[in-house]
$ cat start.cif   # mmCIF, C-alpha atoms
data_target
loop_
_atom_site.label_atom_id
_atom_site.label_comp_id
_atom_site.auth_asym_id
_atom_site.auth_seq_id
_atom_site.Cartn_x
_atom_site.Cartn_y
_atom_site.Cartn_z
CA MET A 16 -11.90 0.57 -24.69
CA SER A 17 -9.90 -0.09 -21.55
CA THR A 18 -6.41 0.69 -20.32
CA LYS A 19 -5.66 -2.88 -21.32
CA ASP A 20 -4.84 -1.42 -24.71
CA TRP A 21 -2.33 1.00 -23.21
CA PRO A 22 1.23 -0.31 -23.28
CA LEU A 23 3.22 -0.82 -20.08
CA TRP A 24 6.15 1.51 -19.41
CA GLU A 25 9.00 0.95 -16.98
CA VAL A 26 9.97 4.07 -15.05
CA PHE A 27 13.55 5.05 -14.08
CA VAL A 28 14.28 8.05 -11.89
CA ARG A 29 17.54 9.93 -11.24
CA SER A 30 17.16 11.01 -7.64
CA ARG A 31 19.83 13.71 -7.88
CA ARG A 32 22.59 14.88 -10.17
CA GLY A 33 25.60 12.63 -10.02
CA LEU A 34 23.57 9.44 -9.54
CA SER A 35 22.34 7.07 -12.23
CA HIS A 36 18.68 6.46 -13.06
CA GLY A 37 17.21 3.64 -11.01
CA HIS A 38 14.09 1.56 -11.66
CA VAL A 39 11.16 2.69 -9.49
CA GLY A 40 8.13 0.94 -10.98
CA SER A 41 5.86 0.82 -13.98
CA LEU A 42 2.66 2.31 -15.35
CA HIS A 43 0.28 2.18 -18.30
CA ALA A 44 0.03 5.10 -20.71
CA PRO A 45 -1.09 5.55 -24.33
CA ASP A 46 2.15 7.22 -25.45
CA ALA A 47 5.59 8.28 -24.25
CA GLN A 48 4.61 11.85 -23.35
CA MET A 49 1.69 10.72 -21.21
CA ALA A 50 3.91 8.05 -19.65
CA LEU A 51 6.36 10.76 -18.64
CA ARG A 52 3.71 13.03 -17.16
CA ASN A 53 2.06 10.19 -15.29
CA ALA A 54 5.43 8.98 -14.02
CA ARG A 55 6.03 12.45 -12.60
CA ASP A 56 2.70 12.34 -10.74
CA VAL A 57 2.98 8.75 -9.57
CA TYR A 58 6.68 8.49 -8.69
CA THR A 59 7.99 11.98 -7.86
CA ARG A 60 5.32 13.64 -5.68
CA ARG A 61 7.98 14.40 -3.04
CA GLN A 62 10.83 15.59 -5.21
CA GLU A 63 12.25 12.08 -5.51
CA GLY A 64 13.80 12.90 -8.86
CA VAL A 65 15.46 15.42 -11.15
CA SER A 66 15.13 13.33 -14.31
CA ILE A 67 12.83 10.52 -15.50
CA TRP A 68 13.20 7.88 -18.22
CA VAL A 69 10.20 5.89 -19.43
CA VAL A 70 10.89 2.79 -21.49
CA PRO A 71 8.30 0.55 -23.19
CA ALA A 72 8.37 -2.67 -21.15
CA SER A 73 8.20 -4.61 -24.42
CA ALA A 74 11.58 -3.11 -25.47
CA ILE A 75 13.42 -4.72 -22.55
CA THR A 76 15.29 -7.98 -23.10
CA ALA A 77 15.86 -9.74 -19.81
CA SER A 78 17.93 -12.74 -18.72
CA SER A 79 15.77 -15.66 -17.75
CA PRO A 80 15.59 -16.92 -14.17
CA ASP A 81 15.65 -20.48 -15.60
CA GLU A 82 19.13 -20.08 -17.07
CA LYS A 83 20.39 -18.20 -14.06
CA ASP A 84 22.98 -20.87 -13.27
CA GLU A 85 24.53 -21.30 -16.70
CA PHE A 86 24.39 -17.57 -17.25
CA PHE A 87 26.07 -16.36 -14.10
CA ASP A 88 28.13 -19.39 -12.98
CA PRO A 89 31.21 -18.61 -15.09
CA ALA A 90 32.05 -15.78 -12.68
CA GLY A 91 31.63 -18.02 -9.64
CA ASP A 92 35.08 -19.66 -9.63
CA LYS A 93 37.04 -16.54 -10.53
CA ILE A 94 37.54 -15.26 -7.05
CA TYR A 95 40.95 -13.89 -8.12
CA ARG A 96 38.96 -10.98 -9.59
CA HIS A 97 38.46 -9.68 -6.06
CA PRO A 98 41.22 -7.84 -4.20
CA THR A 99 40.58 -9.90 -1.06
CA PHE A 100 41.93 -13.01 -2.92
CA TYR A 101 45.52 -11.83 -2.57
CA GLU A 102 47.82 -12.33 0.37
CA ILE A 103 49.79 -9.26 1.27
CA PRO A 104 52.64 -9.25 3.79
CA GLU A 105 51.92 -7.39 6.97
CA GLY A 106 52.96 -3.78 7.13
CA VAL A 107 52.56 -3.03 3.43
CA GLU A 108 50.52 0.14 3.05
CA HIS A 109 48.55 1.83 0.29
CA LEU A 110 47.85 -1.45 -1.50
CA MET B 24 13.61 -21.86 -10.92
CA SER B 25 11.70 -24.96 -9.89
CA THR B 26 9.20 -25.02 -7.04
CA ASP B 27 11.91 -26.70 -4.90
CA VAL B 28 14.03 -23.64 -5.44
CA PHE B 29 10.96 -21.58 -4.52
CA GLN B 30 10.62 -23.31 -1.15
CA ALA B 31 14.36 -23.07 -0.50
CA THR B 32 14.25 -19.35 -1.25
CA ILE B 33 11.31 -18.87 1.12
CA ASP B 34 13.00 -20.94 3.82
CA ALA B 35 16.14 -18.80 3.55
CA ASP B 36 13.98 -15.67 3.87
CA GLY B 37 14.88 -14.71 0.30
CA ARG B 38 12.69 -12.83 -2.14
CA ILE B 39 10.62 -14.21 -5.01
CA GLU B 40 10.67 -12.15 -8.21
CA PRO B 41 8.10 -12.00 -11.02
CA ARG B 42 9.46 -14.57 -13.45
CA ASP B 43 10.41 -17.15 -10.83
CA ALA B 44 8.46 -20.40 -10.67
CA MET B 45 5.96 -20.30 -7.80
CA PRO B 46 3.10 -22.50 -6.61
CA ASP B 47 -0.30 -21.57 -8.02
CA GLY B 48 -1.65 -20.93 -4.53
CA TYR B 49 1.12 -18.44 -3.80
CA ARG B 50 0.39 -16.52 -7.00
CA LYS B 51 -3.37 -16.58 -6.37
CA THR B 52 -3.04 -15.50 -2.74
CA LEU B 53 -0.82 -12.59 -3.72
CA ILE B 54 -3.10 -11.47 -6.55
CA ARG B 55 -6.10 -11.55 -4.21
CA GLN B 56 -4.29 -9.71 -1.43
CA ILE B 57 -2.55 -7.09 -3.58
CA ALA B 58 -5.73 -6.42 -5.57
CA GLN B 59 -7.76 -6.02 -2.38
CA HIS B 60 -5.09 -3.70 -1.06
CA ALA B 61 -5.07 -1.63 -4.28
CA HIS B 62 -8.87 -1.45 -4.30
CA SER B 63 -8.80 -0.25 -0.67
CA GLU B 64 -6.46 2.60 -1.60
CA ILE B 65 -8.68 3.94 -4.37
CA ILE B 66 -12.00 3.37 -2.55
CA GLY B 67 -10.35 5.03 0.46
CA MET B 68 -10.20 8.26 -1.54
CA GLN B 69 -13.98 8.64 -1.16
CA PRO B 70 -14.56 9.13 2.58
CA GLU B 71 -11.83 11.78 2.66
CA GLY B 72 -12.61 13.31 -0.71
CA ASN B 73 -16.02 14.00 0.85
CA TRP B 74 -14.40 16.77 2.96
CA ILE B 75 -12.07 18.46 0.46
CA SER B 76 -14.61 21.14 -0.44
CA ARG B 77 -15.43 21.75 3.24
CA ALA B 78 -11.96 21.67 4.79
CA PRO B 79 -11.81 24.43 7.43
CA SER B 80 -8.82 26.29 5.95
CA LEU B 81 -6.77 26.51 2.77
CA ARG B 82 -3.90 24.79 4.59
CA ARG B 83 -6.11 21.85 5.57
CA LYS B 84 -7.55 21.68 2.07
CA ALA B 85 -4.11 21.52 0.41
CA ILE B 86 -3.03 18.81 2.88
CA LEU B 87 -6.18 16.76 2.32
CA MET B 88 -5.84 16.98 -1.45
CA ALA B 89 -2.22 15.81 -1.22
CA LYS B 90 -3.30 12.92 0.97
CA VAL B 91 -6.11 11.82 -1.34
CA GLN B 92 -3.71 12.08 -4.28
CA ASP B 93 -1.28 9.84 -2.37
CA GLU B 94 -4.02 7.22 -2.00
CA ALA B 95 -4.46 7.20 -5.77
CA GLY B 96 -0.70 6.81 -6.13
CA HIS B 97 -0.68 3.91 -3.65
CA GLY B 98 -3.39 2.22 -5.65
CA LEU B 99 -1.28 2.56 -8.80
CA TYR B 100 1.89 1.15 -7.16
CA LEU B 101 -0.14 -1.84 -6.01
CA TYR B 102 -1.95 -2.50 -9.30
CA ALA B 103 1.49 -2.41 -10.98
CA ALA B 104 2.79 -4.93 -8.42
CA ALA B 105 -0.24 -7.19 -9.07
CA GLU B 106 0.38 -7.00 -12.82
CA THR B 107 3.83 -8.57 -12.37
CA LEU B 108 1.91 -11.75 -11.42
CA GLY B 109 0.26 -11.95 -14.83
CA VAL B 110 -3.07 -10.16 -14.33
CA ASP B 111 -4.20 -6.97 -15.96
CA ARG B 112 -5.26 -3.92 -13.97
CA SER B 113 -8.42 -3.58 -16.03
CA GLU B 114 -9.43 -7.15 -15.11
CA LEU B 115 -8.95 -6.36 -11.43
CA LEU B 116 -11.05 -3.22 -11.73
CA ASP B 117 -13.78 -5.21 -13.49
CA LEU B 118 -13.77 -7.67 -10.58
CA LEU B 119 -14.02 -4.83 -8.07
CA HIS B 120 -16.86 -3.22 -9.99
CA ALA B 121 -18.70 -6.52 -10.19
CA GLY B 122 -18.34 -6.95 -6.42
CA ARG B 123 -16.21 -10.06 -6.87
CA GLN B 124 -13.13 -8.63 -5.18
CA LYS B 125 -13.20 -6.83 -1.84
CA TYR B 126 -11.65 -3.74 -0.34
CA SER B 127 -11.06 -2.93 3.33
CA SER B 128 -14.39 -2.73 5.21
CA ILE B 129 -13.26 0.38 7.06
CA PHE B 130 -14.11 2.49 4.01
CA ASN B 131 -17.74 1.53 4.26
CA TYR B 132 -18.21 3.86 7.23
CA PRO B 133 -19.31 7.47 6.63
CA THR B 134 -17.29 10.62 7.42
CA LEU B 135 -19.91 12.68 9.24
CA THR B 136 -17.82 15.54 10.66
CA TRP B 137 -14.45 17.20 10.09
CA ALA B 138 -13.12 15.35 13.15
CA ASP B 139 -13.63 12.11 11.19
CA ILE B 140 -10.84 13.23 8.85
CA GLY B 141 -8.60 13.50 11.89
CA ALA B 142 -9.73 10.11 13.20
CA ILE B 143 -9.12 8.45 9.82
CA GLY B 144 -5.57 9.78 9.66
CA TRP B 145 -4.77 8.91 13.25
CA LEU B 146 -6.57 5.57 13.64
CA VAL B 147 -7.20 4.16 10.18
CA ASP B 148 -3.84 5.15 8.73
CA GLY B 149 -2.24 4.25 12.07
CA ALA B 150 -3.74 0.75 11.86
CA ALA B 151 -2.75 0.54 8.20
CA ILE B 152 0.86 1.34 9.12
CA VAL B 153 0.90 -1.42 11.76
CA ASN B 154 -0.44 -3.82 9.11
CA GLN B 155 1.83 -2.59 6.35
CA VAL B 156 5.25 -2.17 7.94
CA PRO B 157 5.76 -5.98 8.12
CA LEU B 158 4.67 -6.21 4.46
CA CYS B 159 7.84 -4.30 3.53
CA ARG B 160 9.55 -7.65 4.28
CA CYS B 161 7.00 -9.72 2.34
CA SER B 162 8.55 -12.58 0.34
CA TYR B 163 7.28 -11.21 -2.98
CA GLY B 164 9.73 -8.54 -4.16
CA PRO B 165 7.44 -6.19 -6.13
CA TYR B 166 4.83 -6.11 -3.33
CA ALA B 167 7.49 -5.47 -0.68
CA ARG B 168 9.01 -2.64 -2.74
CA ALA B 169 5.61 -1.00 -3.26
CA MET B 170 5.01 -1.22 0.50
CA VAL B 171 8.28 0.55 1.27
CA ARG B 172 7.14 3.55 -0.76
CA ILE B 173 3.66 3.45 0.74
CA CYS B 174 4.85 3.25 4.34
CA LYS B 175 7.10 6.28 3.88
CA GLU B 176 4.13 8.28 2.65
CA GLU B 177 1.64 6.98 5.23
CA SER B 178 3.45 8.53 8.15
CA PHE B 179 2.50 12.00 6.93
CA HIS B 180 -1.10 10.79 6.73
CA GLN B 181 -1.11 9.63 10.30
CA ARG B 182 0.53 12.77 11.66
CA GLN B 183 -1.79 15.16 9.86
CA GLY B 184 -4.76 13.25 11.34
CA PHE B 185 -3.35 13.45 14.83
CA GLU B 186 -2.72 17.17 14.35
CA ILE B 187 -6.33 17.78 13.29
CA LEU B 188 -7.58 16.07 16.47
CA HIS B 189 -5.03 17.78 18.66
CA LYS B 190 -6.25 21.16 17.44
CA LEU B 191 -9.88 20.20 18.04
CA CYS B 192 -9.10 18.80 21.48
CA ASN B 193 -7.53 22.11 22.47
CA GLY B 194 -10.37 24.17 21.03
CA THR B 195 -13.90 24.86 22.23
CA ASP B 196 -16.02 22.36 24.16
CA ALA B 197 -17.99 21.67 20.99
CA GLN B 198 -14.77 20.89 19.08
CA LEU B 199 -13.58 18.58 21.84
CA ALA B 200 -16.96 16.81 21.82
CA MET B 201 -16.70 16.43 18.05
CA ALA B 202 -13.27 14.80 18.40
CA GLN B 203 -14.55 12.43 21.11
CA ASP B 204 -17.53 11.48 18.96
CA ALA B 205 -15.23 10.65 16.05
CA LEU B 206 -13.07 8.44 18.28
CA ASP B 207 -16.20 6.72 19.65
CA ARG B 208 -17.34 5.84 16.15
CA TRP B 209 -13.94 4.91 14.59
CA TRP B 210 -12.38 2.94 17.45
CA TRP B 211 -14.15 -0.39 16.90
CA PRO B 212 -14.00 -0.40 13.10
CA SER B 213 -10.27 0.43 13.38
CA LEU B 214 -9.71 -2.64 15.58
CA MET B 215 -11.56 -4.72 12.97
CA MET B 216 -9.06 -3.64 10.31
CA PHE B 217 -6.70 -6.35 11.57
CA GLY B 218 -9.14 -9.00 10.46
CA PRO B 219 -10.87 -11.81 12.35
CA PRO B 220 -9.30 -13.29 15.49
CA ASP B 221 -6.48 -15.78 14.84
CA THR B 222 -8.76 -18.70 15.68
CA GLU B 223 -11.08 -17.77 12.79
CA SER B 224 -8.65 -16.39 10.24
CA THR B 225 -8.86 -18.54 7.10
CA HIS B 226 -5.80 -17.48 5.11
CA SER B 227 -3.35 -16.71 7.88
CA GLU B 228 -1.46 -19.92 8.40
CA GLN B 229 -0.52 -20.54 4.78
CA SER B 230 0.33 -16.87 4.26
CA MET B 231 2.69 -16.96 7.22
CA ALA B 232 4.36 -20.11 5.88
CA TRP B 233 4.90 -18.35 2.55
CA GLY B 234 6.37 -15.24 4.14
CA ILE B 235 3.55 -13.07 2.81
CA LYS B 236 2.30 -12.36 6.30
CA ARG B 237 4.75 -11.93 9.17
CA HIS B 238 2.53 -11.49 12.25
CA SER B 239 -0.89 -12.77 13.24
CA ASN B 240 -4.01 -10.56 13.25
CA ASP B 241 -4.25 -10.59 17.04
CA GLU B 242 -0.59 -9.74 17.46
CA LEU B 243 -0.94 -6.69 15.17
CA ARG B 244 -4.18 -5.61 16.86
CA GLN B 245 -2.41 -5.71 20.24
CA ARG B 246 0.48 -3.68 18.83
CA PHE B 247 -1.97 -1.06 17.57
CA VAL B 248 -3.72 -0.76 20.94
CA ASN B 249 -0.41 -0.44 22.81
CA MET B 250 0.63 2.32 20.46
CA THR B 251 -2.68 4.20 20.45
CA VAL B 252 -3.70 4.33 24.12
CA PRO B 253 -0.90 6.73 25.18
CA GLN B 254 -1.65 8.90 22.13
CA ALA B 255 -5.30 9.20 23.17
CA GLU B 256 -4.11 10.33 26.60
CA VAL B 257 -2.11 13.14 25.00
CA LEU B 258 -5.22 14.22 23.14
CA GLY B 259 -7.28 14.04 26.30
CA LEU B 260 -9.78 11.70 24.64
CA ARG B 261 -11.37 8.63 26.19
CA ILE B 262 -11.14 5.34 24.29
CA PRO B 263 -14.69 3.89 24.39
CA ASP B 264 -13.71 0.63 26.07
CA ASP B 265 -14.51 0.04 29.74
CA GLY B 266 -12.36 -3.06 29.67
CA LEU B 267 -9.15 -1.20 28.88
CA ARG B 268 -6.50 -2.03 31.55
CA TYR B 269 -2.74 -1.83 31.61
CA ASP B 270 -1.13 -5.11 32.49
CA GLU B 271 2.11 -4.33 34.34
CA GLU B 272 3.46 -7.82 33.97
CA SER B 273 3.24 -8.11 30.18
CA GLY B 274 3.56 -4.38 29.51
CA ARG B 275 0.45 -4.63 27.33
CA TRP B 276 -2.98 -3.08 27.36
CA SER B 277 -5.76 -5.60 27.68
CA PHE B 278 -8.83 -4.49 25.78
CA THR B 279 -12.27 -5.60 24.65
CA GLN B 280 -12.39 -7.32 21.26
CA PRO B 281 -14.61 -5.66 18.66
CA ASP B 282 -17.88 -7.27 17.63
CA PHE B 283 -16.71 -9.38 14.72
CA THR B 284 -20.23 -10.13 13.54
CA GLU B 285 -20.31 -6.47 12.50
CA LEU B 286 -17.10 -7.01 10.51
CA TYR B 287 -18.59 -10.03 8.73
CA GLU B 288 -21.76 -8.09 7.95
CA VAL B 289 -19.81 -5.17 6.44
CA VAL B 290 -17.63 -7.57 4.42
CA LYS B 291 -20.81 -9.18 3.11
CA GLY B 292 -21.92 -5.81 1.81
CA ASN B 293 -24.20 -4.68 4.62
CA GLY B 294 -22.14 -1.76 5.95
CA PRO B 295 -23.50 1.79 6.01
CA CYS B 296 -21.84 2.88 2.73
CA ASN B 297 -21.02 -0.26 0.69
CA ALA B 298 -23.49 0.43 -2.11
CA GLU B 299 -22.63 4.11 -2.32
CA ARG B 300 -18.86 3.54 -2.47
CA LEU B 301 -19.11 0.98 -5.23
CA ALA B 302 -21.63 3.03 -7.22
CA ASN B 303 -19.33 6.08 -7.07
CA ARG B 304 -16.36 4.00 -8.20
CA VAL B 305 -18.24 2.52 -11.16
CA LYS B 306 -19.57 5.94 -12.13
CA ALA B 307 -16.10 7.53 -11.98
CA HIS B 308 -14.77 4.73 -14.18
CA GLU B 309 -17.55 5.06 -16.73
CA ASP B 310 -17.46 8.85 -16.73
CA GLY B 311 -13.72 8.70 -17.40
CA ALA B 312 -14.07 6.39 -20.40
CA TRP B 313 -14.01 9.25 -22.92
CA VAL B 314 -10.68 10.50 -21.50
CA ARG B 315 -9.11 7.07 -21.94
CA GLU B 316 -10.53 6.80 -25.45
CA ALA B 317 -9.33 10.28 -26.44
CA ALA B 318 -5.82 9.60 -25.14
CA GLN B 319 -5.72 6.35 -27.06
CA ALA B 320 -7.01 7.97 -30.26
CA TYR B 321 -4.46 10.76 -29.97
CA ALA B 322 -1.61 8.29 -29.46
CA ALA B 323 -2.76 6.25 -32.47
CA LYS B 324 -2.96 9.37 -34.64
CA LYS B 325 0.53 10.51 -33.60
CA ALA B 326 1.94 7.05 -34.24
CA GLU B 327 0.35 7.01 -37.69
CA ALA B 328 1.76 10.45 -38.55
CA ALA B 329 5.22 9.34 -37.45
CA ALA B 330 5.09 6.13 -39.52
#

$ encode --input "start.cif" --output "structure tokens"
Amino acid sequence: MSTKDWPLWEVFVRSRRGLSHGHVGSLHAPDAQMALRNARDVYTRRQEGVSIWVVPASAITASSPDEKDEFFDPAGDKIYRHPTFYEIPEGVEHL
Amino acid sequence: MSTDVFQATIDADGRIEPRDAMPDGYRKTLIRQIAQHAHSEIIGMQPEGNWISRAPSLRRKAILMAKVQDEAGHGLYLYAAAETLGVDRSELLDLLHAGRQKYSSIFNYPTLTWADIGAIGWLVDGAAIVNQVPLCRCSYGPYARAMVRICKEESFHQRQGFEILHKLCNGTDAQLAMAQDALDRWWWPSLMMFGPPDTESTHSEQSMAWGIKRHSNDELRQRFVNMTVPQAEVLGLRIPDDGLRYDEESGRWSFTQPDFTELYEVVKGNGPCNAERLANRVKAHEDGAWVREAAQAYAAKKAEAAA
């Protein structure tokens, strides 16, 4: 039996309180508890985190790079969603 | 993403991510390079692990254990990066064990004295940093991200090595002689870590075009020498090269090239420790099989109970 049979887990670490968990990498482990312990040893040897999530990689649904254009284009022509789109007369403050 | 988009991304110095379309050669080159890099990290645990039980103080022992543990961690980051290209870690390990994938030749040299642990940190990790810093900007995202983590951790490795030698160099005559002997033996193999000269390097040109490699072997070797010579002066050690001269005009040290036939011999498997390193690795893997099986059986039993 090899680690080939062990599922892949994606690891997310909260570096300190007040910040969200960010993706740091992945690892193989037979179950969630082992994934968590291994994630601690592999990704937080220098106090990089105060909290860890491990998620089975197979549970993630991702957008496809092939449909990147159709998927994200609709936001492309809506520049009026950004504050810099608007013209403001000189001298107006706090806006 | 078509392969046209791939080339455009490379040309714009963008990053390629796992599910993007990429030429077969790019994928194969990366798998070969990342696997070789990962193998080097875990084989590299052996020459240093050799001294854990004989470290001269508890402080040195704790540091060395942390360093060897880091090497294991680096191996894992890199195997994970390789897996994003569609290979399995266990396949890569099988290839290593069968001698069909390589690891850095530097780890086929023995660590004969405690000073060798200093020399490995200072020179071998120093050379690795020179090689690896540009890889943080490699065109393949997961590899570049793994390298960022690794480079941050390597700088402790290099400093602890320098500190070991600095202590020895300021100790007794016998300690100073031990440090000089380590430098004499590790200098040439360290220069070889940058690979064959540019004129003989087989993969370089394509790798540079793909943004996997950013500088040529000779360029990196020169950078390493420029960085290391002043450090040796601080230690009061003599670099074993009679041809070493400072060139005022270029601001570079000119130096004697290592004997590359030795490098080719070690790569072929004829270094002092090739057989031993591989045998240890295979044994560790086989001896650990019951742990992997037990963990798997436990997970299966828990899953069954929960169902």

$ residues_around --input "start.cif" --residues "range 20-26 of chain A" --least-positions-apart "3" --cutoff "12 Å" --atoms "only C-alpha atoms" --output "tab-separated table (two decimals) with C-alpha atoms, keeping the file's coordinate frame"
chain	number	residue	atom	x	y	z
A	16	MET	CA	-11.90	0.57	-24.69
A	17	SER	CA	-9.90	-0.09	-21.55
A	29	ARG	CA	17.54	9.93	-11.24
A	36	HIS	CA	18.68	6.46	-13.06
A	37	GLY	CA	17.21	3.64	-11.01
A	38	HIS	CA	14.09	1.56	-11.66
A	39	VAL	CA	11.16	2.69	-9.49
A	40	GLY	CA	8.13	0.94	-10.98
A	41	SER	CA	5.86	0.82	-13.98
A	42	LEU	CA	2.66	2.31	-15.35
A	43	HIS	CA	0.28	2.18	-18.30
A	44	ALA	CA	0.03	5.10	-20.71
A	45	PRO	CA	-1.09	5.55	-24.33
A	46	ASP	CA	2.15	7.22	-25.45
A	47	ALA	CA	5.59	8.28	-24.25
A	48	GLN	CA	4.61	11.85	-23.35
A	49	MET	CA	1.69	10.72	-21.21
A	50	ALA	CA	3.91	8.05	-19.65
A	51	LEU	CA	6.36	10.76	-18.64
A	52	ARG	CA	3.71	13.03	-17.16
A	53	ASN	CA	2.06	10.19	-15.29
A	54	ALA	CA	5.43	8.98	-14.02
A	55	ARG	CA	6.03	12.45	-12.60
A	56	ASP	CA	2.70	12.34	-10.74
A	57	VAL	CA	2.98	8.75	-9.57
A	58	TYR	CA	6.68	8.49	-8.69
A	59	THR	CA	7.99	11.98	-7.86
A	64	GLY	CA	13.80	12.90	-8.86
A	66	SER	CA	15.13	13.33	-14.31
A	67	ILE	CA	12.83	10.52	-15.50
A	68	TRP	CA	13.20	7.88	-18.22
A	69	VAL	CA	10.20	5.89	-19.43
A	70	VAL	CA	10.89	2.79	-21.49
A	71	PRO	CA	8.30	0.55	-23.19
A	72	ALA	CA	8.37	-2.67	-21.15
A	73	SER	CA	8.20	-4.61	-24.42
A	74	ALA	CA	11.58	-3.11	-25.47
A	75	ILE	CA	13.42	-4.72	-22.55
B	100	TYR	CA	1.89	1.15	-7.16
B	103	ALA	CA	1.49	-2.41	-10.98
B	106	GLU	CA	0.38	-7.00	-12.82
B	107	THR	CA	3.83	-8.57	-12.37
B	111	ASP	CA	-4.20	-6.97	-15.96
B	112	ARG	CA	-5.26	-3.92	-13.97
B	113	SER	CA	-8.42	-3.58	-16.03
B	315	ARG	CA	-9.11	7.07	-21.94
B	316	GLU	CA	-10.53	6.80	-25.45
B	318	ALA	CA	-5.82	9.60	-25.14
B	319	GLN	CA	-5.72	6.35	-27.06
B	320	ALA	CA	-7.01	7.97	-30.26
B	322	ALA	CA	-1.61	8.29	-29.46
B	323	ALA	CA	-2.76	6.25	-32.47

$ atom_distance --input "start.cif" --atom1 "CA of Gly141 in chain B" --atom2 "CA of Asn73 in chain B"
13.3 Å

$ residues_around --input "start.cif" --residues "range 213-230 of chain B" --least-positions-apart "4" --cutoff "10 Å" --atoms "all atoms listed in the file" --output "ChimeraX atom specification"
/B:48-49,52-53,127-129,142-143,146-151,153-154,161,206,208-209,234-245,247-248,279-287

$ residues_around --input "start.cif" --residues "range 77-87 of chain A" --least-positions-apart "5" --cutoff "12 Å" --atoms "only C-alpha atoms" --output "compact mmCIF listing (two decimals) with C-alpha atoms, keeping the file's coordinate frame"
# COMPACT_ATOMS: atom_id res chain seq x y z
CA ALA A 72 8.37 -2.67 -21.15
CA ASP A 92 35.08 -19.66 -9.63
CA LYS A 93 37.04 -16.54 -10.53
CA MET B 24 13.61 -21.86 -10.92
CA SER B 25 11.70 -24.96 -9.89
CA THR B 26 9.20 -25.02 -7.04
CA VAL B 28 14.03 -23.64 -5.44
CA PHE B 29 10.96 -21.58 -4.52
CA ILE B 39 10.62 -14.21 -5.01
CA GLU B 40 10.67 -12.15 -8.21
CA PRO B 41 8.10 -12.00 -11.02
CA ARG B 42 9.46 -14.57 -13.45
CA ASP B 43 10.41 -17.15 -10.83
CA ALA B 44 8.46 -20.40 -10.67

$ resolve_selection --input "start.cif" --expression "the PyMOL selection byres ((chain B and resi 54) around 12)" --output "VMD selection string"
chain B and resid 47 to 53 55 to 62 101 to 112 114 to 115 124 163 165 to 166 235

$ residues_around --input "start.cif" --residues "Cys296 in chain B" --least-positions-apart "2" --cutoff "9 Å" --atoms "only C-alpha atoms" --output "PyMOL selection string"
chain B and resi 130-133+292-294+298-301

$ atom_distance --input "start.cif" --atom1 "CA of Asn249 in chain B" --atom2 "CA of Asp270 in chain B"
10.8 Å

$ closest_residue --input "start.cif" --among "A:Ile94, A:Pro89, A:Glu102, A:Phe27" --to "Val65 in chain A" --atoms "only C-alpha atoms"
A:Phe27

$ closest_residue --input "start.cif" --among "B:Arg182, B:Arg304, B:Arg261, B:Lys190" --to "Asp204 in chain B" --atoms "all atoms listed in the file"
B:Arg261

$ build_atoms --input "start.cif" --residues "range 146-154 of chain B" --atoms "N, CA, C and O atoms" --output "PDB file, in the frame of the given file"
ATOM      1  N   LEU B 146      -6.260   6.978  13.346  1.00  0.00           N
ATOM      2  CA  LEU B 146      -6.570   5.570  13.640  1.00  0.00           C
ATOM      3  C   LEU B 146      -6.487   4.660  12.425  1.00  0.00           C
ATOM      4  O   LEU B 146      -5.833   3.617  12.470  1.00  0.00           O
ATOM      5  N   VAL B 147      -7.147   5.052  11.344  1.00  0.00           N
ATOM      6  CA  VAL B 147      -7.200   4.160  10.180  1.00  0.00           C
ATOM      7  C   VAL B 147      -5.827   4.071   9.518  1.00  0.00           C
ATOM      8  O   VAL B 147      -5.342   2.979   9.226  1.00  0.00           O
ATOM      9  N   ASP B 148      -5.188   5.213   9.305  1.00  0.00           N
ATOM     10  CA  ASP B 148      -3.840   5.150   8.730  1.00  0.00           C
ATOM     11  C   ASP B 148      -2.852   4.581   9.741  1.00  0.00           C
ATOM     12  O   ASP B 148      -1.903   3.896   9.368  1.00  0.00           O
ATOM     13  N   GLY B 149      -3.095   4.841  11.032  1.00  0.00           N
ATOM     14  CA  GLY B 149      -2.240   4.250  12.070  1.00  0.00           C
ATOM     15  C   GLY B 149      -2.330   2.730  12.038  1.00  0.00           C
ATOM     16  O   GLY B 149      -1.313   2.032  12.077  1.00  0.00           O
ATOM     17  N   ALA B 150      -3.550   2.209  11.937  1.00  0.00           N
ATOM     18  CA  ALA B 150      -3.740   0.750  11.860  1.00  0.00           C
ATOM     19  C   ALA B 150      -3.135   0.216  10.566  1.00  0.00           C
ATOM     20  O   ALA B 150      -2.503  -0.848  10.541  1.00  0.00           O
ATOM     21  N   ALA B 151      -3.307   0.975   9.482  1.00  0.00           N
ATOM     22  CA  ALA B 151      -2.750   0.540   8.200  1.00  0.00           C
ATOM     23  C   ALA B 151      -1.237   0.437   8.298  1.00  0.00           C
ATOM     24  O   ALA B 151      -0.637  -0.526   7.805  1.00  0.00           O
ATOM     25  N   ILE B 152      -0.606   1.381   8.984  1.00  0.00           N
ATOM     26  CA  ILE B 152       0.860   1.340   9.120  1.00  0.00           C
ATOM     27  C   ILE B 152       1.279   0.083   9.887  1.00  0.00           C
ATOM     28  O   ILE B 152       2.205  -0.623   9.489  1.00  0.00           O
ATOM     29  N   VAL B 153       0.566  -0.220  10.976  1.00  0.00           N
ATOM     30  CA  VAL B 153       0.900  -1.420  11.760  1.00  0.00           C
ATOM     31  C   VAL B 153       0.767  -2.680  10.883  1.00  0.00           C
ATOM     32  O   VAL B 153       1.601  -3.585  10.937  1.00  0.00           O
ATOM     33  N   ASN B 154      -0.255  -2.689  10.026  1.00  0.00           N
ATOM     34  CA  ASN B 154      -0.440  -3.820   9.110  1.00  0.00           C
ATOM     35  C   ASN B 154       0.630  -3.849   8.021  1.00  0.00           C
ATOM     36  O   ASN B 154       1.044  -4.911   7.569  1.00  0.00           O
TER      37      ASN B 154
END
